[in-house]
Amino acid sequence: MPKDTSHTPESEAAGHSGEDNAGVNGVDSGEEVSLSKPRFSKGMLALALVVGMFAGLGTFTFGYGKGASYMSNNPQTCVNCHAMQGHMDSWQQSSHHHVAVCNDCHLPHHPIGKWITKADNGFFHSLAFTLGNYKDPIQIKPRNKRVTQSTCVSCHQDFVHSMLPAETGQDMQQCVHCHSSVGHARR
Amino acid sequence: ERKQEARKPFVRLVEVNEVSTDPKPWGVNFPLQYESYLRTADTERTTYGGNHSMSPSKLKEFPWLKRLYAGYAFSIEYREARGHAYMLGDQEVTKRVTEVQQAGACLHCHAAIAPTYRRVGLEKMGKDASEETLGESFDQEAVIAGFKALSQMKYEEVHAELTKTPDGVVKAAEGDPHLGDAHPVSCVDCHDPETMSIRVTRPGFILGIAKLAESDDPVPHLPSIQKWRDSKSKTPYDPNVDATRQEMRSFVCGQCHVEYYCANKMTLTFPWSNGLKVEDLEKEWEETTFPDTEDGKSGGEFYDYVHKETGTPVFKAQHPEFELWSQGIHARAGVSCSDCHMPYERQGATKVSSHWVRSPMLNINKACQTCHHVSEDELKARVDTIQGRTQALMARAASAMTDMLDAIVLAQKAGASEEDLKPIRELQRKAMWRLDYISSENSKGFHADQEAARILGESIDYSRQAQAAAYRLGGSPKPEEGDVAVSQAD
Amino acid sequence: ERKQEARKPFVRLVEVNEVSTDPKPWGVNFPLQYESYLRTADTERTTYGGNHSMSPSKLKEFPWLKRLYAGYAFSIEYREARGHAYMLGDQEVTKRVTEVQQAGACLHCHAAIAPTYRRVGLEKMGKDASEETLGESFDQEAVIAGFKALSQMKYEEVHAELTKTPDGVVKAAEGDPHLGDAHPVSCVDCHDPETMSIRVTRPGFILGIAKLAESDDPVPHLPSIQKWRDSKSKTPYDPNVDATRQEMRSFVCGQCHVEYYCANKMTLTFPWSNGLKVEDLEKEWEETTFPDTEDGKSGGEFYDYVHKETGTPVFKAQHPEFELWSQGIHARAGVSCSDCHMPYERQGATKVSSHWVRSPMLNINKACQTCHHVSEDELKARVDTIQGRTQALMARAASAMTDMLDAIVLAQKAGASEEDLKPIRELQRKAMWRLDYISSENSKGFHADQEAARILGESIDYSRQAQAAAYRLGGSPKPEEGDVAVSQAD
Ligand SMILES: [Ca+2]
Ligand SMILES: [Ca+2]
């Protein structure tokens, strides 16, 4: 039976509650703020948005890949690119397909970081897809790894409280070190 | 790497500080960890590991160990390891301690000793060593000074020093020499009492890992050491400053689960200046000479004991878990000791590290299945396969070793000269070191399976070479005594 | 498990059938697979593997092989393997074939031979063997009959038979004995021409795996065999019927990448009746006696060659990739040969299996990174570590082996009796079999790293035991000739 891959109500709820939690908790939604604030001035932010969206728009890919829908939360929009099919499949078999859609994990839960990542990834996605020069299998880049890590923490903050650094500035373990198949079933 | 914001400071119901070697007050603050910590006194065994009410004797299980250790304390009593709760008691009663004079360094890994090191260090340095000062800060300099002062003293003397250090609980009257109890490994050994972050406290490790950092041994599993090397820093590598949290999750264990020298001729030493492989450690011992004696005589070449049957000075290998793990695929993949031996456990609305440090085979679900999505039976079977191969090769190496001893003894009876025997003794030492290395390591090869087999293969090679060479010197049993039989161990 | 819908029947531009050993017409239907298949003629080498314009000689790389193979064809010429495109040509020109009379069984694994087996089988059975009948169906019974008929015939005769079978392309006039070309492994060897599903066609494998199924060797990596055993079926295990698709992705390779007997005293045999471990194979050879000769004399105990320096009858191990892989963690985890050696590649919107069968180290990205999410350098380093350990132990086992040969030769010169030598010869055979097993296996230990080290450890043990025993019989070199030196290989 083919799974309904559209954005289910549960996943919407989970996704949003994740984001809300981050804000309401007042715990600065993990590190996103502390990171993005100093690194991106308003001007840079605008620039990133413009470059990201228009560079993407201008390409054939953006049309082919139903670029406009990239901004939606529907996982189906990701598989507009066949390059994403495997990840879609493995997400469907993962423990989280009931509770989180792609964007819940691959976009920062912080309202600003979220748009930067979207623009940034939108641009590089289109570029890579158009040129076809990306690595297969696709490998997540360090910056996007930080995003996924931050979203785990954002949703599971209370549960993993003792894993957070004892002192600011110390590091913490990668959740996927142990939970590698949470978002994408593997092996 | 991204830095996370810190967790909220925990609610401290009871104050603990740097002298709090008694875990009870910590347990008030962290009842979940404390409860599981107490379970290290529990008993359950796997095929090759786990706890036991009275730990089985390894000498009985592997009779050849008696010949391997002939002339050394280990041939009197040597048992399987068991839970952390027993570490001090088991040491106090082992015949290796009751029948042989041991050095104070033994306590480095069997008691919560850092505050005692600090106290003695401060005293040596002529500084205040009151309970208050002792509780204030870790003071690494003082700890190392105390460590050096106590290492070569007698076991009993140092044991007595332990109880002269406050433990945070015992309330002793002024002038009462008993200011605290002696405790096995305790919270303060692995945690900063202020922040609760994990840390290392053992001078042996701190000095040893700094030596390793100075070497050029590749350490793909310890990225912070590579980073330190690349930075060309002038300050020695300090695990408490430089290591990642994931590395620290192994370093806390590497304080004790390592090869060492610990008798009374030198300060306790971790032989890591050439690297962490079995040859690297061997090389350090080969290059070591004991310090000159007080009357100015040369201390001579390093050795642990003179093998009684053959008169050959040899090295003793002790539980090199940290070193063998370092050669394995799990270490390379960033999997720490704690990931398997202290896995996270769901406790209500949060997860905590199981402080019931024990065989992961008693806890496969949490210890392995988070990463390996296959059945418990399958994981057990994989471990059994690895350990079975190791055991079979070990039995083979053991019978090569005993054949070698027989041949050397006969060659000596036949009047072989010391000069002729010299290369044979070298082979013997290499063979015994390697066999001991894997038989003393407690995972039966699991921590690095191919490496364990390689080491045993080398041991076999050296034993059999020595045997053949001894045959040339008249070490061959007379044809009547025993025929050429295929000696096949399994 | 989510069942995939059956794939759409492919568009067949050109008809192919059971005689189509020429891959060209298949290539019209499947241009992507064909293109990559053709690339097996390409040249590129890794440290221990990969292709080469003229494959390097293993005898040069490992001079001790000449002594290991003394008296056997392998001591004349023995090279590294290279791409599938070369398999027939390389066999035709090797001195092992041009200077020594070989048996027709050699072609079992070096040519697309099934239709020839079928033709000869049908002819033997007195049935029609026209191109049409040959093309119609696989007819396993006829194939096996032909296989048995051709196995012990001369190489050249069987080679000639190949060209008497139509290949689907050559159009020959009636009566022309050349009805088709001889081809190296081709599509029809691994695919059903009707459905394109993968299949096995080699009698050696079909008979061998059925024997394995009858045994009680645990096969956690081959669940369909366990299922067949549990079903207590009366019909022999048939891979084409019983195996899972994932198993078939290894079985197609297991048709050739296995240990075998292939000379003219018996039909080509895969020695799997006791299991797939090195000892299991050895046991089958030990228990085998050659069939009685035509004049009724007993065939005597099985052996491959009489070792020339020592006169000991020994076994020859050939490329046991399938068997060693079976002992490894990847097999246990269900990872097939094809997963690593024929990984899927994205070609536009579809994924195809790379038919450029080659070293995965030339294609780490696709071969490994689908499963292992670490960098190429890291994966390379992991493989290097494993292969480096294997190589070092192999060198050690090799020097043990040559020391043994020296000692036996001297003992014989000193007049040792056959009776005294008997147990030594047994040790020698065991030692050489194990060393050969790992040095002939082509992954340098990667396919099962700990197992490879274990086997080499045993080889060392047997060689050195034989050496020591030979010393007792006067095999010890005179003290003048060479002193007891630490023979340390690395
Ligand atoms: Ca030692
Ligand atoms: Ca063979």
# chains A, B, ... in the order shown; residues from 1 in each chain; ligands from 1
>>> closest_atom_pairs(of="chain C", to="chain B", cutoff="7 Å", atoms="only C-alpha atoms", output="JSON lines")
{"residue": "C:Leu393", "atom": "CA", "partner": "B:Arg454", "partner_atom": "CA", "distance": 6.8}
{"residue": "C:Pro423", "atom": "CA", "partner": "B:Val484", "partner_atom": "CA", "distance": 6.7}
{"residue": "C:Leu427", "atom": "CA", "partner": "B:Val486", "partner_atom": "CA", "distance": 6.9}
{"residue": "C:Asp449", "atom": "CA", "partner": "B:Gln450", "partner_atom": "CA", "distance": 5.8}
{"residue": "C:Gln450", "atom": "CA", "partner": "B:Gln450", "partner_atom": "CA", "distance": 4.1}
{"residue": "C:Ala453", "atom": "CA", "partner": "B:Ala453", "partner_atom": "CA", "distance": 5.7}
{"residue": "C:Arg454", "atom": "CA", "partner": "B:Ala453", "partner_atom": "CA", "distance": 5.8}
{"residue": "C:Gly457", "atom": "CA", "partner": "B:Gly457", "partner_atom": "CA", "distance": 4.2}
{"residue": "C:Ile460", "atom": "CA", "partner": "B:Asp461", "partner_atom": "CA", "distance": 6.0}
{"residue": "C:Asp461", "atom": "CA", "partner": "B:Ile460", "partner_atom": "CA", "distance": 6.0}
{"residue": "C:Arg464", "atom": "CA", "partner": "B:Arg464", "partner_atom": "CA", "distance": 5.4}
{"residue": "C:Gln465", "atom": "CA", "partner": "B:Arg464", "partner_atom": "CA", "distance": 6.4}
{"residue": "C:Gln467", "atom": "CA", "partner": "B:Ala468", "partner_atom": "CA", "distance": 6.7}
{"residue": "C:Ala468", "atom": "CA", "partner": "B:Ala468", "partner_atom": "CA", "distance": 4.2}
{"residue": "C:Ala469", "atom": "CA", "partner": "B:Val484", "partner_atom": "CA", "distance": 6.2}
{"residue": "C:Tyr471", "atom": "CA", "partner": "B:Tyr471", "partner_atom": "CA", "distance": 6.6}
{"residue": "C:Arg472", "atom": "CA", "partner": "B:Ser476", "partner_atom": "CA", "distance": 6.3}
{"residue": "C:Ser476", "atom": "CA", "partner": "B:Arg472", "partner_atom": "CA", "distance": 6.3}
{"residue": "C:Val484", "atom": "CA", "partner": "B:Ala469", "partner_atom": "CA", "distance": 6.2}
{"residue": "C:Ala485", "atom": "CA", "partner": "B:Pro423", "partner_atom": "CA", "distance": 6.8}
{"residue": "C:Val486", "atom": "CA", "partner": "B:Pro423", "partner_atom": "CA", "distance": 6.9}
>>> interface_residues(of="chain A", to="chain C", cutoff="10 Å", atoms="only C-alpha atoms", output="number ranges by chain")
A: 1-2, 81-83, 93, 132, 135-140, 180, 186-187
>>> residues_near_ligand(ligand="ligand 1", cutoff="12 Å", atoms="only C-alpha atoms and all ligand atoms", output="MDAnalysis selection string")
chainID B and resid 74 257:263 268:272 278 281:282 284:285 302:305 314:320 433:434 436:437 440:441
>>> select_by_dssp(residues="segment 235-364 of chain B", states="alpha helix (DSSP H)", output="ChimeraX atom specification")
/B:239-242,245-254,278-287,321-326,329-332,337-341,364
>>> write_last_selection(atoms="C-alpha atoms", output="CSV table (one decimal), in the first residue's frame")
chain,number,residue,atom,x,y,z
B,239,PRO,CA,42.4,16.0,28.4
B,240,ASN,CA,40.4,18.1,30.8
B,241,VAL,CA,40.9,21.2,28.6
B,242,ASP,CA,41.5,19.8,25.1
B,245,ARG,CA,33.1,15.3,25.4
B,246,GLN,CA,32.8,12.1,23.4
B,247,GLU,CA,36.5,11.4,24.0
B,248,MET,CA,36.1,12.0,27.6
B,249,ARG,CA,33.5,9.3,27.7
B,250,SER,CA,36.4,6.9,27.0
B,251,PHE,CA,39.1,8.8,28.9
B,252,VAL,CA,37.3,8.3,32.2
B,253,CYS,CA,37.7,4.6,31.7
B,254,GLY,CA,41.2,4.9,30.3
B,278,VAL,CA,51.1,-3.6,21.4
B,279,GLU,CA,54.5,-3.0,19.8
B,280,ASP,CA,54.5,0.6,20.8
B,281,LEU,CA,54.0,-0.3,24.4
B,282,GLU,CA,56.6,-3.1,24.2
B,283,LYS,CA,59.1,-0.6,22.7
B,284,GLU,CA,58.7,1.8,25.7
B,285,TRP,CA,59.4,-1.0,28.1
B,286,GLU,CA,62.3,-2.2,26.0
B,287,GLU,CA,63.8,1.3,26.0
B,321,GLU,CA,41.2,-2.4,27.3
B,322,PHE,CA,41.8,1.3,26.4
B,323,GLU,CA,44.7,0.4,24.1
B,324,LEU,CA,43.0,-2.5,22.3
B,325,TRP,CA,39.8,-0.5,21.9
B,326,SER,CA,41.9,2.1,20.3
B,329,ILE,CA,36.5,-0.2,14.4
B,330,HIS,CA,34.3,1.1,17.2
B,331,ALA,CA,36.9,3.5,18.3
B,332,ARG,CA,37.4,4.6,14.7
B,337,CYS,CA,33.4,3.0,26.3
B,338,SER,CA,30.5,4.7,27.9
B,339,ASP,CA,28.3,4.2,24.8
B,340,CYS,CA,28.4,0.4,25.4
B,341,HIS,CA,29.2,0.1,29.1
B,364,ILE,CA,22.3,-5.7,24.6
>>> residues_around(residues="segment 201-213 of chain B", least_positions_apart="6", cutoff="8 Å", atoms="only C-alpha atoms", output="ChimeraX atom specification")
/B:108,114,143-144,147,189-190,225-226,228-229,236-239,254-256,268-276
>>> residues_around(residues="Leu107 of chain C", least_positions_apart="4", cutoff="9 Å", atoms="only C-alpha atoms", output="PyMOL selection string")
chain C and resi 88+91+103+111-113+151+155+158-159
>>> write_last_selection(atoms="all heavy atoms", output="short mmCIF file (atom, residue, chain, number, x, y, z; two decimals), in the first residue's frame")
data_model
loop_
_atom_site.label_atom_id
_atom_site.label_comp_id
_atom_site.auth_asym_id
_atom_site.auth_seq_id
_atom_site.Cartn_x
_atom_site.Cartn_y
_atom_site.Cartn_z
N LEU C 88 38.99 -15.15 -20.41
CA LEU C 88 39.26 -16.25 -21.34
C LEU C 88 40.65 -16.11 -21.94
O LEU C 88 41.44 -17.05 -21.97
CB LEU C 88 38.17 -16.28 -22.42
CG LEU C 88 38.21 -17.46 -23.37
CD1 LEU C 88 38.25 -18.79 -22.63
CD2 LEU C 88 37.01 -17.42 -24.32
N GLN C 91 43.45 -16.94 -19.61
CA GLN C 91 43.60 -18.37 -19.39
C GLN C 91 44.28 -19.03 -20.59
O GLN C 91 45.15 -19.88 -20.43
CB GLN C 91 42.24 -19.02 -19.14
CG GLN C 91 42.36 -20.48 -18.73
CD GLN C 91 41.01 -21.11 -18.47
OE1 GLN C 91 40.16 -21.18 -19.36
NE2 GLN C 91 40.80 -21.59 -17.26
N ALA C 103 42.85 -29.55 -17.70
CA ALA C 103 41.59 -30.23 -17.99
C ALA C 103 40.53 -29.23 -18.48
O ALA C 103 40.63 -28.03 -18.26
CB ALA C 103 41.07 -30.92 -16.73
N ALA C 111 34.64 -19.14 -19.37
CA ALA C 111 33.94 -18.92 -20.64
C ALA C 111 32.43 -19.04 -20.40
O ALA C 111 31.99 -19.62 -19.41
CB ALA C 111 34.38 -19.96 -21.67
N ALA C 112 31.67 -18.48 -21.34
CA ALA C 112 30.21 -18.62 -21.30
C ALA C 112 29.90 -20.01 -21.84
O ALA C 112 29.59 -20.19 -23.02
CB ALA C 112 29.57 -17.53 -22.14
N ILE C 113 29.96 -20.98 -20.97
CA ILE C 113 30.05 -22.38 -21.40
C ILE C 113 28.74 -23.16 -21.28
O ILE C 113 28.61 -24.26 -21.83
CB ILE C 113 31.17 -23.10 -20.60
CG1 ILE C 113 31.66 -24.35 -21.35
CG2 ILE C 113 30.70 -23.44 -19.19
CD1 ILE C 113 32.84 -25.04 -20.68
N SER C 151 34.30 -32.30 -18.10
CA SER C 151 35.21 -31.89 -17.03
C SER C 151 36.61 -32.50 -17.14
O SER C 151 37.61 -31.80 -17.02
CB SER C 151 34.63 -32.27 -15.66
OG SER C 151 34.28 -31.14 -14.93
N TYR C 155 41.84 -29.70 -21.99
CA TYR C 155 41.49 -28.28 -22.13
C TYR C 155 41.23 -27.92 -23.59
O TYR C 155 40.21 -27.32 -23.93
CB TYR C 155 42.63 -27.42 -21.57
CG TYR C 155 42.38 -25.93 -21.67
CD1 TYR C 155 41.61 -25.27 -20.72
CD2 TYR C 155 42.92 -25.17 -22.70
CE1 TYR C 155 41.37 -23.91 -20.81
CE2 TYR C 155 42.69 -23.81 -22.80
CZ TYR C 155 41.92 -23.18 -21.86
OH TYR C 155 41.68 -21.83 -21.95
N VAL C 158 37.99 -29.25 -25.09
CA VAL C 158 36.77 -28.57 -24.61
C VAL C 158 36.70 -27.16 -25.20
O VAL C 158 35.62 -26.68 -25.57
CB VAL C 158 36.72 -28.56 -23.07
CG1 VAL C 158 35.49 -27.81 -22.58
CG2 VAL C 158 36.74 -29.99 -22.54
N HIS C 159 37.85 -26.52 -25.27
CA HIS C 159 37.87 -25.20 -25.88
C HIS C 159 37.30 -25.28 -27.30
O HIS C 159 36.51 -24.41 -27.73
CB HIS C 159 39.29 -24.65 -25.90
CG HIS C 159 39.36 -23.16 -26.09
ND1 HIS C 159 39.01 -22.53 -27.26
CD2 HIS C 159 39.72 -22.16 -25.23
CE1 HIS C 159 39.16 -21.22 -27.13
NE2 HIS C 159 39.58 -20.96 -25.89
#
>>> select_by_dssp(residues="segment 210-395 of chain C", states="strand (DSSP E)", output="NGL selection string")
:C and (305-306 or 313-314 or 344-347 or 350-353)
>>> write_last_selection(atoms="N, CA, C and O atoms", output="CSV table (one decimal), in the first residue's frame")
chain,number,residue,atom,x,y,z
C,305,TYR,N,49.0,-31.6,-5.5
C,305,TYR,CA,50.3,-31.8,-6.0
C,305,TYR,C,51.3,-32.3,-5.0
C,305,TYR,O,51.0,-32.2,-3.8
C,306,VAL,N,52.3,-32.9,-5.5
C,306,VAL,CA,53.4,-33.4,-4.5
C,306,VAL,C,54.4,-32.2,-4.5
C,306,VAL,O,55.0,-31.8,-5.5
C,313,PRO,N,52.6,-34.7,-0.4
C,313,PRO,CA,51.4,-34.4,-1.1
C,313,PRO,C,50.5,-33.3,-0.4
C,313,PRO,O,50.3,-33.4,0.8
C,314,VAL,N,50.2,-32.3,-1.1
C,314,VAL,CA,49.5,-31.1,-0.5
C,314,VAL,C,48.2,-30.7,-1.3
C,314,VAL,O,48.0,-31.2,-2.4
C,344,TYR,N,24.6,0.0,-7.3
C,344,TYR,CA,23.7,0.7,-8.1
C,344,TYR,C,24.3,2.1,-8.4
C,344,TYR,O,24.9,2.7,-7.6
C,345,GLU,N,24.0,2.5,-9.6
C,345,GLU,CA,24.4,3.8,-10.0
C,345,GLU,C,23.2,4.6,-10.6
C,345,GLU,O,22.5,4.0,-11.4
C,346,ARG,N,23.1,5.8,-10.3
C,346,ARG,CA,22.0,6.6,-10.8
C,346,ARG,C,22.4,6.9,-12.3
C,346,ARG,O,23.4,7.4,-12.6
C,347,GLN,N,21.5,6.6,-13.2
C,347,GLN,CA,21.6,7.0,-14.6
C,347,GLN,C,20.4,7.7,-14.9
C,347,GLN,O,19.3,7.1,-15.2
C,350,THR,N,16.8,6.6,-13.4
C,350,THR,CA,16.8,5.2,-13.0
C,350,THR,C,18.1,4.8,-12.3
C,350,THR,O,19.1,5.5,-12.4
C,351,LYS,N,18.0,3.7,-11.6
C,351,LYS,CA,19.2,3.2,-11.0
C,351,LYS,C,19.6,1.9,-11.7
C,351,LYS,O,18.7,1.0,-11.9
C,352,VAL,N,20.8,1.7,-12.1
C,352,VAL,CA,21.2,0.5,-12.7
C,352,VAL,C,22.4,-0.1,-11.9
C,352,VAL,O,23.2,0.6,-11.3
C,353,SER,N,22.6,-1.4,-12.0
C,353,SER,CA,23.7,-2.1,-11.4
C,353,SER,C,24.9,-1.8,-12.3
C,353,SER,O,24.9,-2.1,-13.5
>>> atom_distance(atom1="atom CA of Thr98 of chain C", atom2="atom CA of Gly180 of chain C")
23.2 Å
